[in-house]
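Shown next: model.cif, containing mmCIF, C-alpha atoms.
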data_start
loop_
_atom_site.label_atom_id
_atom_site.label_comp_id
_atom_site.auth_asym_id
_atom_site.auth_seq_id
_atom_site.Cartn_x
_atom_site.Cartn_y
_atom_site.Cartn_z
CA MET A 15 0.00 0.00 0.00
CA GLY A 16 1.47 3.36 -1.07
CA ILE A 17 1.48 6.57 0.99
CA LEU A 18 -1.49 8.05 -0.92
CA GLU A 19 -3.61 4.94 -0.22
CA LYS A 20 -2.63 5.04 3.48
CA ILE A 21 -3.61 8.74 3.67
CA ALA A 22 -6.97 8.06 1.96
CA GLU A 23 -7.64 5.11 4.33
CA ILE A 24 -6.93 7.21 7.45
CA GLU A 25 -9.10 10.09 6.14
CA ARG A 26 -11.98 7.64 5.60
CA GLU A 27 -11.46 6.24 9.12
CA ILE A 28 -11.60 9.78 10.63
CA GLN A 29 -14.84 10.50 8.74
CA ARG A 30 -16.39 7.21 9.92
CA THR A 31 -15.47 7.70 13.59
CA GLN A 32 -17.93 9.53 15.82
CA LYS A 33 -16.50 12.36 17.91
CA ASN A 34 -17.01 11.78 21.63
CA LYS A 35 -14.92 11.26 24.80
CA ALA A 36 -14.45 7.54 24.17
CA THR A 37 -13.01 8.05 20.66
CA GLU A 38 -10.92 11.22 21.18
CA TYR A 39 -7.68 9.24 21.82
CA HIS A 40 -8.25 7.11 18.74
CA LEU A 41 -8.86 10.26 16.64
CA GLY A 42 -5.72 11.89 18.08
CA LEU A 43 -3.63 8.88 17.01
CA LEU A 44 -5.17 8.88 13.52
CA LYS A 45 -4.39 12.61 13.13
CA ALA A 46 -0.77 11.99 14.20
CA LYS A 47 -0.41 9.17 11.63
CA LEU A 48 -2.01 11.34 8.95
CA ALA A 49 0.40 14.23 9.62
CA LYS A 50 3.35 11.79 9.53
CA TYR A 51 2.36 10.34 6.14
CA ARG A 52 1.70 13.80 4.69
CA SER A 53 5.16 15.01 5.73
CA GLN A 54 6.65 11.89 4.05
CA LEU A 55 4.70 12.77 0.90
CA LEU A 56 6.30 16.24 0.80
CA GLU A 57 9.86 14.91 1.13
CA PRO A 58 11.72 14.51 -2.18
CA PRO A 59 12.40 10.90 -3.28
CA LYS A 60 15.61 9.51 -1.78
CA SER A 61 16.73 7.67 -4.97
CA GLY A 62 19.61 9.46 -6.67
CA GLY A 63 18.74 8.41 -10.25
CA GLY A 64 16.41 10.14 -12.68
CA SER A 65 16.36 13.64 -14.08
CA LYS A 66 15.98 16.58 -11.74
CA GLY A 67 13.21 18.13 -13.84
CA GLU A 68 12.60 21.77 -14.68
CA GLY A 69 13.36 24.29 -11.93
CA PHE A 70 10.21 25.94 -10.60
CA ASP A 71 11.30 28.33 -7.86
CA VAL A 72 12.38 31.88 -8.63
CA MET A 73 15.23 33.64 -6.85
CA LYS A 74 13.97 35.88 -4.04
CA SER A 75 14.45 39.55 -4.81
CA GLY A 76 13.12 42.89 -3.58
CA ASP A 77 11.94 43.75 -0.07
CA ALA A 78 9.14 41.17 0.20
CA ARG A 79 7.57 38.29 -1.71
CA VAL A 80 3.86 37.71 -2.45
CA ALA A 81 2.53 34.47 -3.99
CA LEU A 82 -0.62 34.44 -6.12
CA ILE A 83 -2.52 31.21 -5.51
CA GLY A 84 -5.86 30.17 -6.96
CA PHE A 85 -7.76 27.85 -9.24
CA PRO A 86 -7.20 28.09 -13.01
CA SER A 87 -8.76 31.06 -14.85
CA VAL A 88 -9.59 33.28 -11.83
CA GLY A 89 -7.52 36.29 -12.98
CA LYS A 90 -4.06 35.77 -11.45
CA SER A 91 -2.15 36.63 -14.65
CA THR A 92 -4.43 39.61 -15.35
CA LEU A 93 -3.68 40.99 -11.86
CA LEU A 94 0.09 40.54 -12.43
CA ASN A 95 -0.19 42.42 -15.76
CA LYS A 96 -2.14 45.30 -14.14
CA LEU A 97 0.09 45.75 -11.06
CA THR A 98 3.54 45.13 -12.58
CA LYS A 99 5.42 45.84 -15.81
CA THR A 100 5.75 42.09 -16.48
CA HIS A 101 3.57 40.41 -19.10
CA SER A 102 2.04 37.06 -18.20
CA GLU A 103 -0.02 35.29 -20.88
CA SER A 104 -3.72 35.52 -19.99
CA ALA A 105 -6.62 34.04 -21.96
CA SER A 106 -10.18 32.82 -21.43
CA TYR A 107 -9.13 29.15 -21.16
CA GLU A 108 -7.71 27.29 -18.15
CA PHE A 109 -3.99 26.59 -17.50
CA THR A 110 -2.72 29.53 -19.58
CA THR A 111 0.17 29.90 -17.09
CA LEU A 112 2.32 26.74 -16.89
CA THR A 113 5.32 27.96 -14.90
CA CYS A 114 6.16 30.53 -12.22
CA ILE A 115 6.24 34.10 -13.61
CA PRO A 116 7.72 36.82 -11.35
CA GLY A 117 6.82 40.52 -11.46
CA VAL A 118 7.74 43.53 -9.31
CA ILE A 119 5.27 45.96 -7.70
CA GLU A 120 6.86 49.34 -6.90
CA TYR A 121 4.92 50.89 -4.00
CA HIS A 122 6.07 53.52 -1.44
CA GLY A 123 9.64 52.97 -2.67
CA ALA A 124 9.51 49.24 -1.89
CA LYS A 125 10.06 46.55 -4.50
CA ILE A 126 7.53 43.76 -3.81
CA GLN A 127 8.05 40.55 -5.78
CA LEU A 128 4.74 39.13 -7.04
CA LEU A 129 4.75 35.51 -8.23
CA ASP A 130 2.12 34.35 -10.72
CA LEU A 131 1.82 30.61 -10.06
CA PRO A 132 -0.01 28.05 -12.22
CA GLY A 133 -3.60 27.26 -11.22
CA ILE A 134 -4.09 24.71 -8.43
CA ILE A 135 -6.56 21.85 -8.87
CA GLU A 136 -8.16 19.63 -6.23
CA GLY A 137 -5.61 17.05 -5.03
CA ALA A 138 -2.66 19.43 -5.59
CA SER A 139 -1.14 18.53 -2.19
CA GLN A 140 -0.75 14.95 -3.47
CA GLY A 141 1.10 16.14 -6.58
CA LYS A 142 -1.73 16.56 -9.12
CA GLY A 143 -1.14 19.21 -11.81
CA ARG A 144 2.34 20.18 -10.50
CA GLY A 145 0.54 21.17 -7.29
CA ARG A 146 3.41 20.18 -5.04
CA GLN A 147 5.87 22.55 -6.78
CA VAL A 148 3.32 25.40 -6.69
CA ILE A 149 2.72 24.92 -2.96
CA ALA A 150 6.49 24.64 -2.27
CA VAL A 151 6.99 28.10 -3.83
CA ALA A 152 4.10 29.48 -1.75
CA ARG A 153 5.88 28.35 1.45
CA THR A 154 8.73 30.81 0.70
CA ALA A 155 6.40 33.85 0.39
CA ASP A 156 5.76 36.51 3.04
CA VAL A 157 2.06 36.85 2.15
CA VAL A 158 -0.30 34.63 0.15
CA LEU A 159 -2.71 36.41 -2.18
CA MET A 160 -5.53 33.93 -2.74
CA MET A 161 -7.41 34.75 -5.94
CA LEU A 162 -11.03 33.56 -5.93
CA ASP A 163 -13.86 33.82 -8.43
CA ALA A 164 -16.53 35.99 -6.70
CA ALA A 165 -19.33 33.80 -8.10
CA LYS A 166 -17.95 30.61 -6.47
CA GLY A 167 -15.58 32.09 -3.87
CA GLU A 168 -16.73 30.15 -0.79
CA VAL A 169 -16.26 26.71 -2.41
CA GLN A 170 -12.88 27.63 -3.92
CA ARG A 171 -11.68 29.16 -0.66
CA ARG A 172 -12.58 26.04 1.35
CA LEU A 173 -10.85 23.69 -1.15
CA LEU A 174 -7.68 25.82 -1.36
CA GLU A 175 -7.44 26.16 2.43
CA LYS A 176 -7.75 22.36 2.73
CA GLU A 177 -4.96 21.80 0.14
CA LEU A 178 -2.61 24.29 1.86
CA GLU A 179 -3.48 22.95 5.33
CA SER A 180 -2.53 19.40 4.30
CA VAL A 181 1.00 20.49 3.29
CA GLY A 182 1.71 22.42 6.48
CA ILE A 183 0.77 25.99 5.48
CA ARG A 184 -1.34 27.68 8.16
CA LEU A 185 -3.15 30.80 6.97
CA ASN A 186 -3.81 33.78 9.27
CA LYS A 187 -2.88 31.77 12.37
CA ARG A 188 -0.11 32.23 14.89
CA PRO A 189 2.14 29.38 16.09
CA PRO A 190 0.74 27.52 19.16
CA ASN A 191 2.22 28.71 22.46
CA ILE A 192 3.74 25.35 23.46
CA TYR A 193 7.27 24.84 24.84
CA PHE A 194 8.66 21.61 23.34
CA LYS A 195 12.17 20.25 23.87
CA VAL A 196 13.44 16.73 23.11
CA LYS A 197 15.98 15.45 25.69
CA LYS A 198 18.45 12.56 25.78
CA GLY A 199 17.01 11.02 28.93
CA GLY A 200 14.72 11.61 31.89
CA GLY A 201 11.41 10.44 30.43
CA MET A 202 8.37 12.57 29.65
CA SER A 203 7.49 15.78 31.48
CA ILE A 204 4.11 17.20 30.37
CA ASN A 205 2.78 20.29 32.20
CA SER A 206 0.38 23.12 31.48
CA THR A 207 -0.15 26.64 32.83
CA VAL A 208 -3.84 26.58 31.74
CA THR A 209 -6.66 24.03 31.99
CA LEU A 210 -6.63 21.84 28.88
CA THR A 211 -10.17 21.28 27.55
CA LYS A 212 -9.43 20.19 23.96
CA MET A 213 -6.86 17.48 24.78
CA SER A 214 -5.40 15.69 27.79
CA GLU A 215 -1.99 14.60 29.08
CA ARG A 216 -2.74 11.02 28.04
CA MET A 217 -3.49 12.06 24.46
CA ALA A 218 -0.20 14.05 24.36
CA GLN A 219 1.64 10.89 25.50
CA LEU A 220 -0.05 8.73 22.83
CA ILE A 221 0.83 11.25 20.08
CA LEU A 222 4.47 11.42 21.29
CA HIS A 223 4.64 7.57 21.30
CA GLU A 224 3.38 7.55 17.70
CA TYR A 225 6.40 9.71 16.77
CA LYS A 226 8.71 7.52 18.91
CA ILE A 227 9.56 10.39 21.27
CA PHE A 228 10.02 9.13 24.84
CA ASN A 229 12.29 11.75 26.48
CA VAL A 230 10.76 15.17 26.17
CA GLU A 231 9.74 18.31 28.08
CA VAL A 232 6.38 19.85 27.10
CA LEU A 233 4.69 22.92 28.56
CA PHE A 234 1.25 24.03 27.29
CA ARG A 235 0.91 27.80 27.72
CA GLU A 236 -2.53 27.91 26.04
CA ASP A 237 -5.50 25.60 25.48
CA CYS A 238 -4.45 23.79 22.27
CA THR A 239 -5.96 21.05 20.12
CA ALA A 240 -4.28 17.77 19.12
CA ASP A 241 -3.63 19.27 15.64
CA ASP A 242 -1.74 22.22 17.18
CA PHE A 243 0.38 19.84 19.26
CA ILE A 244 1.22 17.74 16.16
CA ASP A 245 2.26 20.95 14.34
CA VAL A 246 4.70 21.76 17.17
CA ILE A 247 6.17 18.21 17.16
CA LEU A 248 6.76 18.24 13.38
CA GLY A 249 8.19 21.76 13.47
CA ASN A 250 7.94 22.25 9.68
CA ARG A 251 4.75 24.29 9.60
CA VAL A 252 4.72 27.71 7.92
CA TYR A 253 2.45 30.42 9.34
CA LEU A 254 1.56 32.95 6.62
CA LYS A 255 -0.74 35.94 6.34
CA CYS A 256 -3.34 35.51 3.60
CA LEU A 257 -5.47 38.05 1.75
CA TYR A 258 -8.55 36.62 0.04
CA CYS A 259 -9.18 38.48 -3.26
CA TYR A 260 -12.66 38.02 -4.72
CA ASN A 261 -12.18 38.84 -8.42
CA LYS A 262 -14.81 39.38 -11.18
CA ILE A 263 -17.18 41.40 -8.95
CA ASP A 264 -18.64 42.95 -12.14
CA GLN A 265 -20.42 39.61 -12.73
CA ILE A 266 -22.35 39.44 -9.40
CA GLY A 267 -24.98 41.56 -7.60
CA LEU A 268 -24.28 44.49 -5.24
CA GLU A 269 -25.63 42.63 -2.16
CA GLU A 270 -23.17 39.77 -2.77
CA VAL A 271 -20.28 42.25 -3.29
CA ASP A 272 -21.18 43.94 0.02
CA ARG A 273 -21.26 40.57 1.82
CA LEU A 274 -17.86 39.47 0.40
CA ALA A 275 -16.28 42.86 1.21
CA ARG A 276 -17.17 42.36 4.90
CA GLU A 277 -15.49 38.92 5.10
CA PRO A 278 -12.44 38.87 7.45
CA ASN A 279 -9.15 39.23 5.52
CA GLY A 280 -11.17 39.66 2.31
CA ILE A 281 -11.07 42.24 -0.48
CA VAL A 282 -13.28 42.57 -3.58
CA LEU A 283 -11.89 43.69 -6.96
CA SER A 284 -12.21 43.41 -10.72
CA CYS A 285 -8.92 43.10 -12.63
CA GLU A 286 -10.55 43.53 -16.03
CA MET A 287 -12.30 46.79 -15.08
CA GLU A 288 -9.47 47.88 -12.71
CA LEU A 289 -11.81 48.25 -9.71
CA ASN A 290 -10.35 48.52 -6.17
CA LEU A 291 -6.73 47.75 -7.21
CA ASP A 292 -5.42 50.80 -5.28
CA TYR A 293 -7.04 49.51 -2.05
CA LEU A 294 -5.46 46.09 -2.71
CA LEU A 295 -1.99 47.71 -2.65
CA ILE A 296 -2.83 49.52 0.63
CA LYS A 297 -3.93 46.21 2.24
CA LEU A 298 -0.87 44.40 0.84
CA TRP A 299 1.45 47.00 2.40
CA GLU A 300 -0.36 46.56 5.73
CA TYR A 301 -0.11 42.73 5.60
CA LEU A 302 3.61 42.79 4.66
CA SER A 303 4.34 44.88 7.81
CA LEU A 304 6.86 47.11 6.02
CA ILE A 305 7.95 50.59 7.17
CA ARG A 306 9.93 53.43 5.55
CA VAL A 307 12.92 55.02 7.32
CA TYR A 308 14.63 58.14 5.92
CA THR A 309 18.24 59.13 6.59
CA LYS A 310 19.69 62.58 7.29
CA LYS A 311 23.19 63.99 7.13
CA ARG A 312 24.41 66.46 9.77
CA GLY A 313 23.51 70.08 8.90
CA GLU A 314 21.45 69.04 5.85
CA PRO A 315 17.71 68.47 5.31
CA PRO A 316 16.53 64.82 5.34
CA GLU A 317 16.36 62.90 2.05
CA LEU A 318 12.62 62.27 1.75
CA GLY A 319 10.68 60.61 -1.07
CA PRO A 320 10.25 57.01 -2.28
CA ARG A 321 13.71 56.89 -3.94
CA HIS A 322 15.56 57.58 -0.66
CA ALA A 323 13.50 55.42 1.74
CA LEU A 324 15.06 52.45 3.52
CA ILE A 325 12.43 49.67 3.52
CA MET A 326 12.47 47.83 6.86
CA ARG A 327 10.24 45.37 8.76
CA GLN A 328 7.93 46.50 11.55
CA ASN A 329 9.48 46.50 15.07
CA CYS A 330 12.96 46.96 13.57
CA THR A 331 15.55 48.74 15.75
CA VAL A 332 18.25 51.35 15.06
CA GLU A 333 20.71 48.44 14.82
CA HIS A 334 18.77 46.96 11.88
CA VAL A 335 18.83 50.37 10.16
CA CYS A 336 22.62 50.56 10.67
CA HIS A 337 23.06 47.14 9.00
CA ALA A 338 20.81 48.25 6.12
CA VAL A 339 23.02 51.34 5.51
CA HIS A 340 26.36 49.50 5.87
CA ARG A 341 27.44 46.46 7.86
CA THR A 342 30.34 48.28 9.62
CA ILE A 343 28.27 51.20 10.98
CA ALA A 344 26.88 49.26 13.98
CA ASP A 345 30.46 48.66 15.27
CA LEU A 346 31.34 52.38 14.99
CA PHE A 347 27.94 53.55 16.35
CA LYS A 348 27.97 56.26 19.06
CA TYR A 349 24.33 57.45 19.13
CA ALA A 350 21.50 58.38 16.74
CA LEU A 351 19.09 61.31 16.50
CA VAL A 352 15.55 60.32 15.52
CA TRP A 353 12.61 62.49 14.37
CA GLY A 354 9.15 60.93 14.14
CA THR A 355 6.35 59.12 15.99
CA SER A 356 8.69 56.64 17.75
CA THR A 357 10.19 59.43 19.92
CA LYS A 358 8.88 61.42 22.90
CA TYR A 359 10.30 64.65 21.43
CA SER A 360 12.10 65.48 18.17
CA PRO A 361 14.97 65.01 17.79
CA GLN A 362 15.58 62.37 20.47
CA ARG A 363 18.99 60.89 21.16
CA VAL A 364 18.65 57.08 21.11
CA GLY A 365 20.71 53.88 21.28
CA LEU A 366 20.87 50.75 19.14
CA GLN A 367 17.77 49.11 20.68
CA HIS A 368 15.34 51.96 19.93
CA GLN A 369 12.37 50.74 17.83
CA MET A 370 11.64 52.65 14.62
CA HIS A 371 8.20 53.64 13.26
CA ASP A 372 6.99 54.28 9.70
CA GLU A 373 8.42 57.46 8.11
CA ASP A 374 10.90 58.17 10.93
CA VAL A 375 14.02 60.21 10.09
CA ILE A 376 17.38 59.08 11.51
CA GLN A 377 20.80 60.71 11.78
CA ILE A 378 23.56 58.28 12.83
CA VAL A 379 26.58 59.67 14.72
CA LYS A 380 29.75 57.54 14.66
CA LYS A 381 32.57 57.37 17.22
#

What would the structure in this file look like if it were written as structure tokens?
Amino acid sequence: MGILEKIAEIEREIQRTQKNKATEYHLGLLKAKLAKYRSQLLEPPKSGGGSKGEGFDVMKSGDARVALIGFPSVGKSTLLNKLTKTHSESASYEFTTLTCIPGVIEYHGAKIQLLDLPGIIEGASQGKGRGRQVIAVARTADVVLMMLDAAKGEVQRRLLEKELESVGIRLNKRPPNIYFKVKKGGGMSINSTVTLTKMSERMAQLILHEYKIFNVEVLFREDCTADDFIDVILGNRVYLKCLYCYNKIDQIGLEEVDRLAREPNGIVLSCEMELNLDYLLIKLWEYLSLIRVYTKKRGEPPELGPRHALIMRQNCTVEHVCHAVHRTIADLFKYALVWGTSTKYSPQRVGLQHQMHDEDVIQIVKK
């Protein structure tokens, strides 16, 4: 029996089993086995022979990376053509795009790499329609832009979330707050700082036994499910922000557009008629958590404008800004003067650990 058959058998068993207190341990074990087989499915084959195949990933460039994911013919290539200077073949038939096509969005002085990926079909996580390569590229992105047809958005969204979930991509979730450390001896130590209602200590032990882990220290800092605990054990899960884009809103009624626009993490647009594309860029900037920092020389006005901005991540410090200017500046750093919302008064004299805000101005003084 191959891995795919084993996965299908376990999924059928989970569907057949009733959920109650008597079966929760059995379900926990089945979920652990399912996660183990799925991680084996994602690993490349160990045999050295055979051709490597065509490369699919694109070199990371710019300040951030956004992956366009969606079913065939939902408007991914049209969006890439509208937002970037790159041309991606778009037509009214499915599977127009057959490989990964990169483009660059220039916004607020930042270069955001946008990847137009081939359409995903149901069963992509098991390798159908080059789905595994598409999903592997999506794991390297900072934000996932999920393109959905507004007329059938709910169905497409549910299927795509299921495909990404099965390969370890968690959308709009944060990692579970569980301390987990494998030791060389000393047996199992399982504790919790909160009351566990969704799983028990016994279930944690059974899941650890399934993965052949017998010496471990576990501390639950929040009420987690068995799935969250399995994610922590495997340690290869990717937690990404996702923006759900409902395209082709010109083909549905106003009431439906209003309902979709109020969905959490959702945005409505029409690529063909260029509706709401400016708001998409605003939301994308917000989800990427990027900030602009401007530099200033002593006795001169600051260099403002998109061309002179240093693009940094949110919660970055003066030290990060020093490394962005030149790698030797942090060693010669004496103090910095900062103007902007991160200071109590302007200019404020700060050290290396001062956190920067969007559109702050900095003057670095060396020793």

Do a neighbour search on segment 187-201 of chain A at 9 Å with only C-alpha atoms, toss out local chain neighbours closer than 2 positions, and write the hits as number ranges by chain.
A: 184-185, 203, 206, 227-238, 242-243, 245-247, 251-255

Thr154 of chain A environment, 12 Å, all atoms listed in the file, sequence neighbours closer than 4 positions dropped, as an mmCIF file with C-alpha atoms, in the coordinates of the input:
data_model
loop_
_atom_site.group_PDB
_atom_site.id
_atom_site.type_symbol
_atom_site.label_atom_id
_atom_site.label_comp_id
_atom_site.auth_asym_id
_atom_site.auth_seq_id
_atom_site.Cartn_x
_atom_site.Cartn_y
_atom_site.Cartn_z
ATOM 1 C CA ASP A 71 11.300 28.330 -7.860
ATOM 2 C CA VAL A 72 12.380 31.880 -8.630
ATOM 3 C CA MET A 73 15.230 33.640 -6.850
ATOM 4 C CA LYS A 74 13.970 35.880 -4.040
ATOM 5 C CA SER A 75 14.450 39.550 -4.810
ATOM 6 C CA ALA A 78 9.140 41.170 0.200
ATOM 7 C CA ARG A 79 7.570 38.290 -1.710
ATOM 8 C CA VAL A 80 3.860 37.710 -2.450
ATOM 9 C CA ALA A 81 2.530 34.470 -3.990
ATOM 10 C CA GLN A 127 8.050 40.550 -5.780
ATOM 11 C CA LEU A 129 4.750 35.510 -8.230
ATOM 12 C CA GLN A 147 5.870 22.550 -6.780
ATOM 13 C CA VAL A 148 3.320 25.400 -6.690
ATOM 14 C CA ILE A 149 2.720 24.920 -2.960
ATOM 15 C CA ALA A 150 6.490 24.640 -2.270
ATOM 16 C CA VAL A 158 -0.300 34.630 0.150
ATOM 17 C CA ILE A 183 0.770 25.990 5.480
ATOM 18 C CA ARG A 251 4.750 24.290 9.600
ATOM 19 C CA VAL A 252 4.720 27.710 7.920
ATOM 20 C CA TYR A 253 2.450 30.420 9.340
ATOM 21 C CA LEU A 254 1.560 32.950 6.620
#

Residues at most 8 Å from segment 335-344 of chain A, counting only C-alpha atoms, excluding those fewer than 5 positions away in the same chain, as a count of residues only?
4

Min atom-atom distance to Lys90 of chain A from the set A:Leu18, A:Ile115, A:Leu268, A:Ala165, counting only C-alpha atoms, belongs to A:Ile115

Just want the 9 Å neighbourhood of His322 of chain A, counted on all atoms listed in the file, with same-chain residues fewer than 5 positions away dropped. Output as a VMD selection string.
chain A and resid 123 307 to 309 317

Using only C-alpha atoms, please write the residues we just selected to a file, as an mmCIF file, in the coordinates of the input.
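As a result, selection27.cif now contains:
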data_model
loop_
_atom_site.group_PDB
_atom_site.id
_atom_site.type_symbol
_atom_site.label_atom_id
_atom_site.label_comp_id
_atom_site.auth_asym_id
_atom_site.auth_seq_id
_atom_site.Cartn_x
_atom_site.Cartn_y
_atom_site.Cartn_z
ATOM 1 C CA GLY A 123 9.640 52.970 -2.670
ATOM 2 C CA VAL A 307 12.920 55.020 7.320
ATOM 3 C CA TYR A 308 14.630 58.140 5.920
ATOM 4 C CA THR A 309 18.240 59.130 6.590
ATOM 5 C CA GLU A 317 16.360 62.900 2.050
#

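Of the listed residues A:Lys20, A:Lys297, A:Arg146, A:Lys47, the one whose atoms come nearest to Leu159 of chain A is A:Lys297, with distances taken using all atoms listed in the file.
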
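Atom to atom, atom CA of Glu373 of chain A and atom CA of Pro316 of chain A stand 11.3 Å apart.
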